[in-house]
Each structure stands twice: as structure tokens, then as C-alpha cells.
$ cat start_30.txt   # compact mmCIF, C-alpha atoms
# COMPACT_ATOMS: atom_id res chain seq x y z
CA MET A 1 -38.41 -8.24 19.47
CA THR A 2 -35.63 -9.89 17.51
CA HIS A 3 -32.31 -10.58 19.11
CA PRO A 4 -29.21 -9.22 17.37
CA ASP A 5 -27.17 -11.76 15.43
CA PRO A 6 -23.98 -12.51 17.38
CA ASN A 7 -22.16 -13.21 14.11
CA LEU A 8 -22.54 -9.63 12.85
CA PRO A 9 -20.83 -7.81 11.29
CA HIS A 10 -20.05 -10.10 8.37
CA ILE A 11 -16.78 -8.98 6.80
CA PHE A 12 -15.80 -9.90 3.24
CA ARG A 13 -12.32 -8.92 2.07
CA GLN A 14 -10.53 -8.85 -1.23
CA GLN A 15 -7.78 -11.42 -1.07
CA THR A 16 -4.79 -9.22 -1.73
CA ASN A 17 -1.17 -10.09 -1.32
CA ARG A 18 -0.13 -8.20 1.83
CA VAL A 19 3.53 -8.08 0.82
CA GLY A 20 2.57 -6.74 -2.61
CA VAL A 21 0.33 -4.05 -1.12
CA ILE A 22 3.10 -2.94 1.24
CA PHE A 23 5.70 -2.95 -1.55
CA VAL A 24 3.57 -0.89 -3.95
CA THR A 25 2.44 1.65 -1.34
CA VAL A 26 5.98 2.08 0.04
CA ALA A 27 7.35 2.55 -3.50
CA ILE A 28 4.75 5.23 -4.27
CA ALA A 29 5.44 6.93 -0.92
CA LEU A 30 9.20 6.94 -1.65
CA PHE A 31 8.65 8.57 -5.04
CA GLY A 32 6.32 11.14 -3.49
CA GLY A 33 8.87 11.79 -0.75
CA MET A 34 11.66 12.28 -3.31
CA PHE A 35 9.57 14.80 -5.22
CA LEU A 36 8.86 16.66 -1.97
CA LEU A 37 12.55 16.52 -1.09
CA GLY A 38 13.30 18.19 -4.43
CA PHE A 39 10.77 20.87 -3.54
CA PHE A 40 12.13 21.51 -0.04
CA SER A 41 15.75 21.55 -1.19
CA LYS A 42 15.00 24.58 -3.37
CA LEU A 43 13.07 26.67 -0.84
CA SER A 44 15.40 29.64 -1.40
CA TYR A 45 14.18 29.88 -5.00
CA LEU A 46 10.77 28.46 -5.86
CA GLY A 47 10.28 28.48 -9.59
CA PRO A 48 7.58 26.66 -11.56
CA ASP A 49 9.62 23.43 -11.64
CA GLU A 50 9.95 23.34 -7.88
CA TRP A 51 6.24 24.04 -7.38
CA PHE A 52 5.44 21.18 -9.74
CA LEU A 53 7.71 18.86 -7.73
CA GLY A 54 6.00 19.86 -4.47
CA ILE A 55 2.44 19.55 -5.77
CA PHE A 56 3.17 16.26 -7.55
CA GLY A 57 4.90 14.78 -4.49
CA ALA A 58 2.09 15.81 -2.15
CA THR A 59 -0.50 14.40 -4.58
CA LEU A 60 1.35 11.08 -4.75
CA LEU A 61 1.45 10.84 -0.96
CA VAL A 62 -2.25 11.65 -0.57
CA LEU A 63 -3.26 9.13 -3.25
CA ASP A 64 -0.97 6.57 -1.61
CA VAL A 65 -2.84 6.96 1.67
CA PHE A 66 -6.18 6.41 -0.14
CA LEU A 67 -4.76 3.39 -2.00
CA PHE A 68 -3.45 1.79 1.19
CA GLY A 69 -6.80 2.32 2.91
CA PHE A 70 -8.70 0.94 -0.08
CA LEU A 71 -6.56 -2.19 -0.31
CA THR A 72 -6.57 -2.98 3.42
CA ARG A 73 -10.22 -2.24 4.31
CA PRO A 74 -12.84 -4.99 3.87
CA GLY A 75 -14.59 -4.91 0.49
CA ILE A 76 -18.09 -5.45 1.87
CA VAL A 77 -19.35 -5.37 5.45
CA LEU A 78 -22.84 -6.46 6.49
CA THR A 79 -24.00 -4.99 9.79
CA ASP A 80 -27.37 -5.35 11.50
CA THR A 81 -28.68 -2.15 9.86
CA CYS A 82 -26.78 -1.55 6.61
CA LEU A 83 -24.64 -2.83 3.77
CA MET A 84 -21.27 -1.05 3.62
CA VAL A 85 -19.34 -1.07 0.33
CA ASN A 86 -15.69 -0.01 0.30
CA ARG A 87 -14.89 2.65 -2.28
CA PHE A 88 -11.60 4.30 -3.16
CA PHE A 89 -12.75 7.57 -1.58
CA GLY A 90 -14.61 6.38 1.50
CA VAL A 91 -17.37 3.88 2.25
CA ARG A 92 -20.89 3.76 0.77
CA ARG A 93 -23.56 2.82 3.34
CA ILE A 94 -26.92 1.47 2.17
CA ARG A 95 -29.56 0.85 4.82
CA TYR A 96 -31.52 -2.39 4.47
CA ALA A 97 -34.74 -0.37 4.83
CA ASP A 98 -33.84 1.46 1.58
CA LEU A 99 -33.31 -1.74 -0.44
CA THR A 100 -35.99 -2.79 -2.91
CA GLY A 101 -34.16 -5.51 -4.84
CA LEU A 102 -30.93 -7.48 -5.10
CA SER A 103 -29.58 -9.30 -8.15
CA ALA A 104 -26.34 -11.14 -8.80
CA TYR A 105 -24.65 -12.40 -11.96
CA LEU A 106 -21.29 -13.50 -13.32
CA GLU A 107 -19.63 -11.37 -15.97
CA LYS A 108 -16.95 -12.77 -18.27
CA ILE A 109 -14.55 -10.04 -19.44
CA HIS A 110 -12.22 -10.68 -22.36
CA PRO A 111 -9.05 -8.56 -22.18
CA PRO A 112 -7.76 -7.06 -25.45
CA LEU A 113 -5.02 -8.71 -27.46
CA ILE A 114 -1.52 -8.15 -26.07
CA ASN A 115 1.34 -8.66 -28.55
CA GLY A 116 -0.94 -10.82 -30.70
CA ARG A 117 -1.86 -13.11 -27.81
CA ARG A 118 -5.26 -13.43 -26.25
CA MET A 119 -5.29 -13.36 -22.46
CA PRO A 120 -7.66 -15.76 -20.69
CA PRO A 121 -11.04 -14.26 -19.81
CA ARG A 122 -11.60 -12.88 -16.33
CA ILE A 123 -14.79 -13.79 -14.49
CA VAL A 124 -16.18 -11.14 -12.15
CA HIS A 125 -19.09 -11.59 -9.74
CA ARG A 126 -21.42 -8.56 -9.75
CA LEU A 127 -24.19 -7.49 -7.40
CA VAL A 128 -26.91 -5.06 -8.47
CA VAL A 129 -28.46 -3.21 -5.52
CA LYS A 130 -31.77 -1.43 -6.19
CA THR A 131 -32.79 1.28 -3.74
CA ARG A 132 -35.97 3.24 -3.06
CA GLU A 133 -34.61 6.24 -4.93
CA SER A 134 -34.75 4.08 -8.10
CA LYS A 135 -30.98 4.01 -8.23
CA ASP A 136 -29.12 0.88 -9.23
CA LEU A 137 -25.74 0.45 -7.64
CA LEU A 138 -23.38 -2.02 -9.33
CA VAL A 139 -21.02 -3.64 -6.82
CA THR A 140 -18.15 -5.93 -7.77
CA LEU A 141 -17.97 -8.67 -5.18
CA PRO A 142 -14.61 -9.65 -3.69
CA ALA A 143 -12.47 -11.73 -6.01
CA PHE A 144 -11.25 -15.20 -5.07
CA GLY A 145 -13.72 -15.41 -2.21
CA ASN A 146 -16.77 -17.51 -1.57
CA ASN A 147 -19.38 -15.06 -2.80
CA ASP A 148 -22.24 -17.51 -2.23
CA LEU A 149 -21.70 -17.10 1.52
CA LEU A 150 -21.81 -13.31 1.07
CA LEU A 151 -25.08 -13.50 -0.89
CA GLN A 152 -26.65 -15.84 1.69
CA ALA A 153 -25.62 -13.52 4.54
CA LEU A 154 -27.00 -10.54 2.59
CA GLU A 155 -30.33 -12.34 2.14
CA ARG A 156 -30.50 -13.12 5.88
CA CYS A 157 -29.57 -9.58 6.96
CA SER A 158 -31.78 -7.68 4.52
CA GLY A 159 -34.71 -10.09 4.29
CA ILE A 160 -34.72 -9.67 0.50
CA PRO A 161 -33.94 -12.66 -1.74
CA VAL A 162 -31.05 -12.23 -4.18
CA GLU A 163 -32.21 -12.88 -7.75
CA ARG A 164 -29.71 -14.90 -9.79
CA LEU A 165 -29.43 -13.40 -13.27
CA PRO A 166 -27.98 -15.19 -16.32
CA ASP A 167 -24.25 -14.87 -16.96
CA VAL A 168 -23.05 -11.99 -19.14
CA ASP A 169 -20.29 -12.48 -21.72
CA LYS A 170 -18.74 -9.13 -22.64
CA GLY A 171 -16.26 -8.59 -25.41
CA LYS A 172 -16.72 -11.60 -27.64

$ encode --input "start_30.txt" --output "C-alpha cells"
Amino acid sequence: MTHPDPNLPHIFRQQTNRVGVIFVTVAIALFGGMFLLGFFSKLSYLGPDEWFLGIFGATLLVLDVFLFGFLTRPGIVLTDTCLMVNRFFGVRRIRYADLTGLSAYLEKIHPPLINGRRMPPRIVHRLVVKTRESKDLLVTLPAFGNNDLLLQALERCSGIPVERLPDVDKGK
């Protein structure tokens, strides 16, 4: 019988600016609240414009809740039984027993020209997870983090070695 790892769960977060996340989500919530205020101020007469204000304001508030949750939850969590990947609408859980292969590579993305100037390329670390159902799940690993530690922890937890693929250069 194996003893559980006391270091689990391994949590890997996107390094986001907390002040920026709060500012953006509060700004979206204020706009949604103003649209709802426009809806509620016209309750005596609800025409199509007022209904649009109410639906749009409620939609903004709901999407703001999802955005705040997405930006504050860990990107990837490794537990003793599964790999959990944060998505915008919830969390995807993949059991280690369902894994058949893991691959990782770096992808260089070249943004389009902006006002005649070329932006520097962005390098993204990707993880390809192969499952028993023959499905490949492409996961973008957390930016600005030490992804080698994540891959080593994933190898230890799942018992499957992570294959290092050659770098991909998109957009040249």
C-alpha cells in the first residue's frame, strides 16, 4: 500500500495582477449594474429598450462572476487521483487512470501587425493530454510560472512520462 503524498494537491496558478483583476471585474460589474438600474427605473413601462437593458446588464453580471472565478482559481491542480484543469465555465477533471500519454511543447505565436509595427512573439507552453477515449486535450500551462516543476509533479502523480516535443513556430 502506498502512502499518500503529503505535498498534494499541487497547485499551479496563472500569475495575474490582483489589482488589475479587481479593477476589471469591478468595472464590468458597475456597467452591468448601471444597465440593470436603467431597467429597474422604467418598471412602470417596459418597452423593448428597457428589456434589452435588463438582459444585457444581467448577462454582464453573470459573465463577470465567471471571469472573476476563472482569474482567481488555480490554473492546474494535481491531486492524488486526478488532474484538474481550470476552464472558463467550470473545471475539467481527468483521472490518472484514464491517461494514456502526455506531451509538452513550446509554441511561438506571432501577433499580427499593429499600425505597421510587429509585436514581439509570445511563447506559450502547451500540454497535450491523451486519454483512453482517444481524445487529445490541449492545455495551455500557466504563463510566467516554472512549468518544469508542473511537468515533473505530473509525471510523479500519474506515473506516465511527459514526452518533450519539438518547438512549434506558428505564424511566420

$ closest_residue --input "start_30.txt" --among "A:Arg87, A:His125, A:Lys108, A:Arg164" --to "A:Phe68" --atoms "only C-alpha atoms"
A:Arg87

$ closest_residue --input "start_30.txt" --among "A:Asn147, A:Thr140, A:Asn17, A:Ser134" --to "A:Glu107" --atoms "all atoms listed in the file"
A:Thr140

$ atom_distance --input "start_30.txt" --atom1 "atom CA of A:Arg126" --atom2 "atom CA of A:Leu138"
6.8 Å

$ atom_distance --input "start_30.txt" --atom1 "atom CA of A:Thr16" --atom2 "atom CA of A:Ile76"
14.3 Å

$ closest_residue --input "start_30.txt" --among "A:Val162, A:Met34, A:Ile28, A:Leu61" --to "A:Asp148" --atoms "only C-alpha atoms"
A:Val162

$ closest_residue --input "start_30.txt" --among "A:Leu60, A:Val21, A:Leu53, A:Val124" --to "A:Ala104" --atoms "all atoms listed in the file"
A:Val124

$ atom_distance --input "start_30.txt" --atom1 "atom CA of A:Ile11" --atom2 "atom CA of A:Val26"
26.2 Å

$ residues_around --input "start_30.txt" --residues "A:Pro161" --least-positions-apart "4" --cutoff "12 Å" --atoms "only C-alpha atoms" --output "list in words"
Leu99, Thr100, Gly101, Leu102, Ser103, Ala104, Val129, Leu151, Gln152, Ala153, Leu154, Glu155, Arg156 and Cys157 of chain A

$ residues_around --input "start_30.txt" --residues "A:Val85" --least-positions-apart "5" --cutoff "7 Å" --atoms "all atoms listed in the file" --output "VMD selection string"
chain A and resid 75 to 77 91 to 93

$ closest_residue --input "start_30.txt" --among "A:Pro48, A:Pro9, A:Gly54, A:Gly90" --to "A:Phe66" --atoms "all atoms listed in the file"
A:Gly90

$ closest_residue --input "start_30.txt" --among "A:Ile123, A:Ile160, A:Ile94, A:Val65" --to "A:Thr79" --atoms "only C-alpha atoms"
A:Ile94

$ decode --input "start_30.txt" --residues "stretch 20-55 of chain A" --atoms "C-alpha atoms" --output "short mmCIF file (atom, residue, chain, number, x, y, z; two decimals), in the first residue's frame"
data_model
loop_
_atom_site.label_atom_id
_atom_site.label_comp_id
_atom_site.auth_asym_id
_atom_site.auth_seq_id
_atom_site.Cartn_x
_atom_site.Cartn_y
_atom_site.Cartn_z
CA GLY A 20 -5.90 44.53 -12.32
CA VAL A 21 -8.31 41.62 -11.88
CA ILE A 22 -10.24 43.51 -9.21
CA PHE A 23 -10.31 46.71 -11.30
CA VAL A 24 -11.58 44.96 -14.45
CA THR A 25 -14.21 42.87 -12.67
CA VAL A 26 -15.48 45.84 -10.64
CA ALA A 27 -15.68 47.97 -13.81
CA ILE A 28 -17.70 45.28 -15.61
CA ALA A 29 -19.96 44.86 -12.56
CA LEU A 30 -20.56 48.64 -12.43
CA PHE A 31 -21.56 48.72 -16.09
CA GLY A 32 -23.85 45.73 -15.59
CA GLY A 33 -25.34 47.39 -12.52
CA MET A 34 -25.97 50.63 -14.45
CA PHE A 35 -27.76 48.74 -17.19
CA LEU A 36 -29.90 46.98 -14.58
CA LEU A 37 -30.57 50.32 -12.89
CA GLY A 38 -31.86 51.62 -16.23
CA PHE A 39 -34.12 48.58 -16.43
CA PHE A 40 -35.50 48.93 -12.89
CA SER A 41 -36.04 52.67 -13.20
CA LYS A 42 -38.54 52.05 -16.01
CA LEU A 43 -40.58 49.27 -14.39
CA SER A 44 -43.81 51.21 -14.95
CA TYR A 45 -43.31 50.90 -18.72
CA LEU A 46 -41.18 48.06 -20.04
CA GLY A 47 -40.57 48.52 -23.73
CA PRO A 48 -38.02 46.69 -25.88
CA ASP A 49 -35.25 49.13 -24.91
CA GLU A 50 -35.76 48.52 -21.21
CA TRP A 51 -35.83 44.75 -21.69
CA PHE A 52 -32.56 44.98 -23.61
CA LEU A 53 -31.01 46.99 -20.76
CA GLY A 54 -32.13 44.40 -18.20
CA ILE A 55 -30.98 41.37 -20.17
#
